[in-house]
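Have a look at the structure below before the remarks.
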Amino acid sequence: MWISRAAVLRQTGAPMTIETLEVGPLGAGDVLVRVRAASLCHTDLEAIEGALAVNLPVVLGHEAAGEIVEVGADVLDLGVGDRVVLSWNPHCGRCFYCERAQPILCRTFLANGPRGFHFDGKPRLACDAVPVHQLMYLGGFSEYCVVAAQSAIRVPDTMPFDRAALIGCGVMTGVGAVTRIAKPAWGDTAMVIGCGAVGLSAVQGCVLAGCGEIVAVDPNPARRQLAQAIGATRAVTPEEAMDLARSLTDGRGADLVVEAAGRNETFRLSVEAVRPGGQVVWLGKVAVNDEVMFRWGSLMQEKRITRSSYGGANPARDFPMLARAYLDGKLKLDEMISARIGLEQINEGFAALKRGETVRSVVMFA
Ligand SMILES: NC(=O)c1ccc[n+]([C@@H]2O[C@H](COP(=O)([O-])OP(=O)(O)OC[C@H]3O[C@@H](n4cnc5c(N)ncnc54)[C@H](O)[C@@H]3O)[C@@H](O)[C@H]2O)c1
Ligand SMILES: [Zn+2]
Ligand SMILES: [Zn+2]
């Protein structure tokens, strides 16, 4: 049994509290990770605000990196000292969806995820012997966390922990939406709506895929500037987006539009701005019972629309590639870190994320 300092959410809408938890024991297929960096994502914020239903008390945090300090008896491919990025999509490999190469729909994953326990459905964290839940099988806002071995993906030792953490959700989702889901043709005209961590990563996916014009759309001028710094060829306000998409394409519209803002008007803009026969990938989300309205004509003409979670991630394949791309200077991650904070500052960190002041704040553990 290990002891860990962690940020615990006991009540939605209330600040998290820093507490000491009991961690473990490890199952045969688990690893114990000493978390070195964990970044603050919008999905954590949804849990804090109650928009995403989670069982309480819970340790949030699903974008994290650290090092392995102990491995379970059946773990053969990871060892003590390995540097890992955490993946929030462990999957069984045997269910209907896994057998059809859709691990994000894995039955076990979807059945246990909302319960906030481990992939086997059991708790690994406790406070005074009372179980504490782990968001998305991880719970990265803790000095130590026990995760299924398949949730710990090894990356090179030269990969800095704070930048490695970003790969685990926002970067994978945005880059993957383009490179794994849309797979645009070289030279295509792309538009990315919303330039938070997810959208900025989608812009970089477009660069990596060889898109020609890459139009970033965001009402926030600082975000537009950042988008251009990391590879967008143009950056405009939502009001300017339609005219620009048409003027760049002889009136057709963009070949690919990635939506990464999660608002009624951005879902609508995505299908209006894409050309007939073009592709739309939706990454953002509104509350599950909200309705989004479209002009019917905007959905016609052979448009292909995909809603993706995790950008088609196969973490074991993709995380090392993303780390390598960073180390080779092809993927820009430094620019996405707005602040490095201590665990005690986590509540202020989420307030800043909500106000749109930060792309990513990263909690740094000693
Ligand atoms: N699909 C997934 O697996 C997945 C993973 C992580 C996050 N998300 C979702 O993706 C979305 C983006 O996440 P994020 O962490 O980058 O959030 P974020 O809040 O950092 O970024 C959203 C951006 O959208 C911009 N925006 C607001 N209104 C806009 C408008 N009308 N037009 C264009 N841009 C607008 C904001 O200024 C901001 O820069 C959220 O909805 C989040 O829940 C999805
Ligand atoms: Zn499965
Ligand atoms: Zn996330």
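Going by the structure tokens order, chains are called A, B, ..., each with residues numbered from 1, while ligands are numbered from 1 in the order shown.
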* To do: Name the residues, by chain letter and number, that sit within 7 Å of ligand 2 using only C-alpha atoms and all ligand atoms, and give them as a list in words.
  => His91, Cys92, Gly93, Arg94, Cys95, Phe96, Tyr97, Cys98, Pro103, Cys106, Arg107, Thr108 and Phe109 of chain A
How would the residues just picked look written out with C-alpha atoms as a PDB file, in the first residue's frame?
ATOM      1  CA  HIS A  91      -9.960  -1.840 -23.818  1.00  0.00           C
ATOM      2  CA  CYS A  92     -10.567  -5.560 -23.531  1.00  0.00           C
ATOM      3  CA  GLY A  93      -9.529  -6.547 -27.065  1.00  0.00           C
ATOM      4  CA  ARG A  94     -12.234  -9.233 -27.287  1.00  0.00           C
ATOM      5  CA  CYS A  95     -15.682  -7.614 -27.343  1.00  0.00           C
ATOM      6  CA  PHE A  96     -17.834  -6.876 -30.414  1.00  0.00           C
ATOM      7  CA  TYR A  97     -16.307  -3.406 -30.848  1.00  0.00           C
ATOM      8  CA  CYS A  98     -12.701  -4.295 -30.046  1.00  0.00           C
ATOM      9  CA  PRO A 103     -11.641   0.241 -28.982  1.00  0.00           C
ATOM     10  CA  CYS A 106     -15.190  -1.295 -25.915  1.00  0.00           C
ATOM     11  CA  ARG A 107     -18.002  -2.780 -23.792  1.00  0.00           C
ATOM     12  CA  THR A 108     -15.926  -3.129 -20.639  1.00  0.00           C
ATOM     13  CA  PHE A 109     -14.519   0.379 -21.047  1.00  0.00           C
TER      14      PHE A 109
END
Which residues of chain A come within 8 Å of ligand 3, and what is each one's closest atom pair and distance in Å (one decimal), counting only C-alpha atoms and all ligand atoms, sorted by chain and residue number, as a tab-separated table?
residue	atom	partner	partner_atom_place_in_ligand_line	distance
A:Leu40	CA	ligand 3	1 (Zn)	7.8
A:Cys41	CA	ligand 3	1 (Zn)	4.7
A:His42	CA	ligand 3	1 (Zn)	6.1
A:Thr43	CA	ligand 3	1 (Zn)	5.1
A:Asp44	CA	ligand 3	1 (Zn)	7.0
A:His62	CA	ligand 3	1 (Zn)	6.2
A:Glu63	CA	ligand 3	1 (Zn)	6.4
A:Gly168	CA	ligand 3	1 (Zn)	7.8
A:Cys169	CA	ligand 3	1 (Zn)	4.6
A:Gly170	CA	ligand 3	1 (Zn)	5.6
Given the selection you just returned, output its residues as a file containing C-alpha atoms, formatted as a PDB file, in the first residue's frame.
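Written output follows (selection.pdb):
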ATOM      1  CA  LEU A  40      -6.071  20.422 -16.783  1.00  0.00           C
ATOM      2  CA  CYS A  41      -8.543  19.480 -19.548  1.00  0.00           C
ATOM      3  CA  HIS A  42     -12.059  20.665 -20.217  1.00  0.00           C
ATOM      4  CA  THR A  43     -13.502  17.253 -19.453  1.00  0.00           C
ATOM      5  CA  ASP A  44     -12.231  17.520 -15.850  1.00  0.00           C
ATOM      6  CA  HIS A  62      -6.672  12.213 -17.362  1.00  0.00           C
ATOM      7  CA  GLU A  63      -3.809  13.999 -19.163  1.00  0.00           C
ATOM      8  CA  GLY A 168      -2.626  11.868 -23.325  1.00  0.00           C
ATOM      9  CA  CYS A 169      -5.864  13.649 -24.278  1.00  0.00           C
ATOM     10  CA  GLY A 170      -5.993  16.991 -26.108  1.00  0.00           C
TER      11      GLY A 170
END
* To do: Report as number ranges by chain: the residues of region 108-337 of chain A with a DSSP assignment of strand (DSSP E or B), based on the backbone of this structure.
  => A: 125-127, 130-134, 142, 144-148, 152-154, 190-193, 214-217, 234-236, 254-259, 274-282, 304-307, 337
* Asked: So which residues touch Gly140 (chain A) within 6 Å, counting only C-alpha atoms, skipping near sequence neighbours fewer than 5 positions away, as a list in words?
  ->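 Neighbouring residues, sequence-local ones excluded: Ala38, Gly61, His62 and Ala64 of chain A.
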Take the residues from that selection and write them out as an mmCIF file, in the first residue's frame, keeping C-alpha atoms.
data_model
loop_
_atom_site.group_PDB
_atom_site.id
_atom_site.type_symbol
_atom_site.label_atom_id
_atom_site.label_comp_id
_atom_site.auth_asym_id
_atom_site.auth_seq_id
_atom_site.Cartn_x
_atom_site.Cartn_y
_atom_site.Cartn_z
ATOM 1 C CA ALA A 38 -0.833 16.307 -15.100
ATOM 2 C CA GLY A 61 -6.997 14.185 -14.139
ATOM 3 C CA HIS A 62 -6.672 12.213 -17.362
ATOM 4 C CA ALA A 64 -0.771 12.863 -17.245
#
* Structure fact -> What separates CA of Cys145 (chain A) and CA of Pro123 (chain A) is a distance of 11.5 Å
* To do: Choose the residue, out of A:Gly278, A:Pro131, A:Gly194, A:Pro15, that has the smallest atom-to-atom separation from ligand 1; count only C-alpha atoms and all ligand atoms.
  =>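 That would be A:Gly194, the residue with the smallest distance to ligand 1.
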* Asked: Any idea what the distance is between CA of Thr358 (chain A) and CA of Val33 (chain A)?
  ->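 Those two atoms sit 26.7 Å apart.
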* **Closest of A:Leu322, A:Leu256, A:Leu52, A:Ala149 to ligand 1 - atom-to-atom distances counting only C-alpha atoms and all ligand atoms** =>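 Using only C-alpha atoms and all ligand atoms, the shortest distance to ligand 1 belongs to A:Leu52.
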* **Test item, alpha helix (DSSP H) assignment across region 79-195 of chain A, answer as a ChimeraX atom specification** => /A:96-99,107-112,161-166,172-176
Excluding Gln225 (chain A) and any residue of its chain fewer than 4 positions from it, enumerate the residues within 10 Å of it, using only C-alpha atoms, and give them as a CSV table (one decimal) with N, CA and C atoms, in the first residue's frame.
chain,number,residue,atom,x,y,z
A,195,CYS,N,-9.7,27.1,-31.0
A,195,CYS,CA,-8.3,27.0,-30.9
A,195,CYS,C,-7.9,26.8,-29.4
A,216,ALA,N,-7.6,28.8,-39.1
A,216,ALA,CA,-8.0,28.6,-37.7
A,216,ALA,C,-9.1,29.7,-37.4
A,218,ASP,N,-11.3,31.4,-34.3
A,218,ASP,CA,-11.6,31.6,-32.8
A,218,ASP,C,-11.9,33.1,-32.6
A,220,ASN,N,-11.2,34.6,-29.9
A,220,ASN,CA,-10.1,35.1,-29.0
A,220,ASN,C,-8.9,35.4,-29.8
A,221,PRO,N,-8.5,36.7,-29.8
A,221,PRO,CA,-7.3,37.1,-30.6
A,221,PRO,C,-6.0,36.4,-30.2
A,229,ALA,N,1.1,30.8,-34.9
A,229,ALA,CA,2.5,30.5,-34.5
A,229,ALA,C,2.8,29.0,-34.6
A,230,ILE,N,1.7,28.2,-34.6
A,230,ILE,CA,2.0,26.7,-34.7
A,230,ILE,C,1.6,26.1,-36.0
A,232,ALA,N,-1.1,27.5,-38.5
A,232,ALA,CA,-2.3,27.9,-39.3
A,232,ALA,C,-1.8,28.9,-40.3
A,234,ARG,N,-3.9,30.9,-41.9
A,234,ARG,CA,-4.8,32.1,-41.7
A,234,ARG,C,-5.5,31.9,-40.3
A,235,ALA,N,-5.9,33.0,-39.7
A,235,ALA,CA,-6.7,32.9,-38.5
A,235,ALA,C,-7.7,34.0,-38.4
A,236,VAL,N,-9.0,33.6,-38.3
A,236,VAL,CA,-10.0,34.6,-38.4
A,236,VAL,C,-11.1,34.4,-37.3
* Choose the residue, out of A:Met321, A:Ala241, A:Leu226, A:Ala197, that has the smallest atom-to-atom separation from ligand 1; count only C-alpha atoms and all ligand atoms. => A:Ala197
* Atom-to-atom span, CA of Asp77 (chain A) and CA of Ile153 (chain A), Å ->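 Separation of CA of Asp77 (chain A) and CA of Ile153 (chain A): 10.1 Å.
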* To do: Give me the residues within 7 Å of Val171 (chain A) as a ChimeraX atom specification, counting only C-alpha atoms and dropping any in the same chain fewer than 4 places off.
  => /A:166-167,175,197-198,201
* Asked: Which polymer residues have any atom within 12 Å of an atom of Ile18 (chain A), counting only C-alpha atoms, with same-chain residues fewer than 5 positions away left out, as a list of chain:residue names?
  ->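 Selected residues are A:Ser4, A:Arg5, A:Ala6, A:Ala7, A:Val8, A:Leu9, A:Arg10, A:Val58, A:Val59, A:Cys127, A:Phe141, A:Ser142, A:Glu143, A:Gly342, A:Leu343, A:Glu344, A:Gln345, A:Ile346, A:Asn347.
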Restricting it to N, CA and C atoms, dump the selection as an mmCIF file, in the first residue's frame.
data_model
loop_
_atom_site.group_PDB
_atom_site.id
_atom_site.type_symbol
_atom_site.label_atom_id
_atom_site.label_comp_id
_atom_site.auth_asym_id
_atom_site.auth_seq_id
_atom_site.Cartn_x
_atom_site.Cartn_y
_atom_site.Cartn_z
ATOM 1 N N SER A 4 -0.453 8.723 -0.926
ATOM 2 C CA SER A 4 -0.292 9.747 -1.960
ATOM 3 C C SER A 4 -1.088 10.997 -1.643
ATOM 4 N N ARG A 5 -0.511 12.154 -1.938
ATOM 5 C CA ARG A 5 -1.240 13.409 -1.853
ATOM 6 C C ARG A 5 -2.005 13.593 -3.157
ATOM 7 N N ALA A 6 -3.280 13.921 -3.056
ATOM 8 C CA ALA A 6 -4.094 14.022 -4.272
ATOM 9 C C ALA A 6 -5.136 15.116 -4.111
ATOM 10 N N ALA A 7 -5.594 15.644 -5.259
ATOM 11 C CA ALA A 7 -6.708 16.596 -5.248
ATOM 12 C C ALA A 7 -7.992 15.777 -5.361
ATOM 13 N N VAL A 8 -8.878 15.919 -4.380
ATOM 14 C CA VAL A 8 -10.092 15.098 -4.353
ATOM 15 C C VAL A 8 -11.321 15.984 -4.537
ATOM 16 N N LEU A 9 -12.192 15.582 -5.463
ATOM 17 C CA LEU A 9 -13.472 16.280 -5.635
ATOM 18 C C LEU A 9 -14.522 15.514 -4.827
ATOM 19 N N ARG A 10 -15.059 16.190 -3.789
ATOM 20 C CA ARG A 10 -16.059 15.525 -2.937
ATOM 21 C C ARG A 10 -17.465 15.985 -3.254
ATOM 22 N N VAL A 58 -13.952 11.646 -6.041
ATOM 23 C CA VAL A 58 -13.190 11.209 -7.211
ATOM 24 C C VAL A 58 -11.897 12.008 -7.319
ATOM 25 N N VAL A 59 -10.864 11.357 -7.836
ATOM 26 C CA VAL A 59 -9.651 12.063 -8.248
ATOM 27 C C VAL A 59 -9.746 12.237 -9.751
ATOM 28 N N CYS A 127 -9.669 6.611 0.963
ATOM 29 C CA CYS A 127 -9.357 7.610 1.985
ATOM 30 C C CYS A 127 -9.924 7.059 3.291
ATOM 31 N N PHE A 141 -4.477 13.550 -10.913
ATOM 32 C CA PHE A 141 -4.148 14.620 -9.961
ATOM 33 C C PHE A 141 -3.772 14.025 -8.600
ATOM 34 N N SER A 142 -2.853 13.101 -8.656
ATOM 35 C CA SER A 142 -2.395 12.382 -7.472
ATOM 36 C C SER A 142 -0.912 12.076 -7.660
ATOM 37 N N GLU A 143 -0.146 12.179 -6.596
ATOM 38 C CA GLU A 143 1.302 11.909 -6.720
ATOM 39 C C GLU A 143 1.562 10.506 -7.266
ATOM 40 N N GLY A 342 1.448 24.246 -8.857
ATOM 41 C CA GLY A 342 1.517 23.196 -7.851
ATOM 42 C C GLY A 342 0.131 22.609 -7.642
ATOM 43 N N LEU A 343 0.063 21.438 -7.015
ATOM 44 C CA LEU A 343 -1.225 20.789 -6.792
ATOM 45 C C LEU A 343 -2.176 21.699 -5.997
ATOM 46 N N GLU A 344 -1.616 22.508 -5.093
ATOM 47 C CA GLU A 344 -2.445 23.388 -4.259
ATOM 48 C C GLU A 344 -3.144 24.466 -5.084
ATOM 49 N N GLN A 345 -2.632 24.744 -6.276
ATOM 50 C CA GLN A 345 -3.228 25.811 -7.102
ATOM 51 C C GLN A 345 -4.238 25.265 -8.109
ATOM 52 N N ILE A 346 -4.641 24.022 -7.940
ATOM 53 C CA ILE A 346 -5.441 23.380 -8.986
ATOM 54 C C ILE A 346 -6.807 24.047 -9.177
ATOM 55 N N ASN A 347 -7.412 24.514 -8.095
ATOM 56 C CA ASN A 347 -8.732 25.144 -8.249
ATOM 57 C C ASN A 347 -8.634 26.453 -9.038
#
* Taking only C-alpha atoms into account, which of A:Gln228, A:Thr237, A:Thr179, A:Asn112 comes nearest Gly312 (chain A)? -> A:Thr179
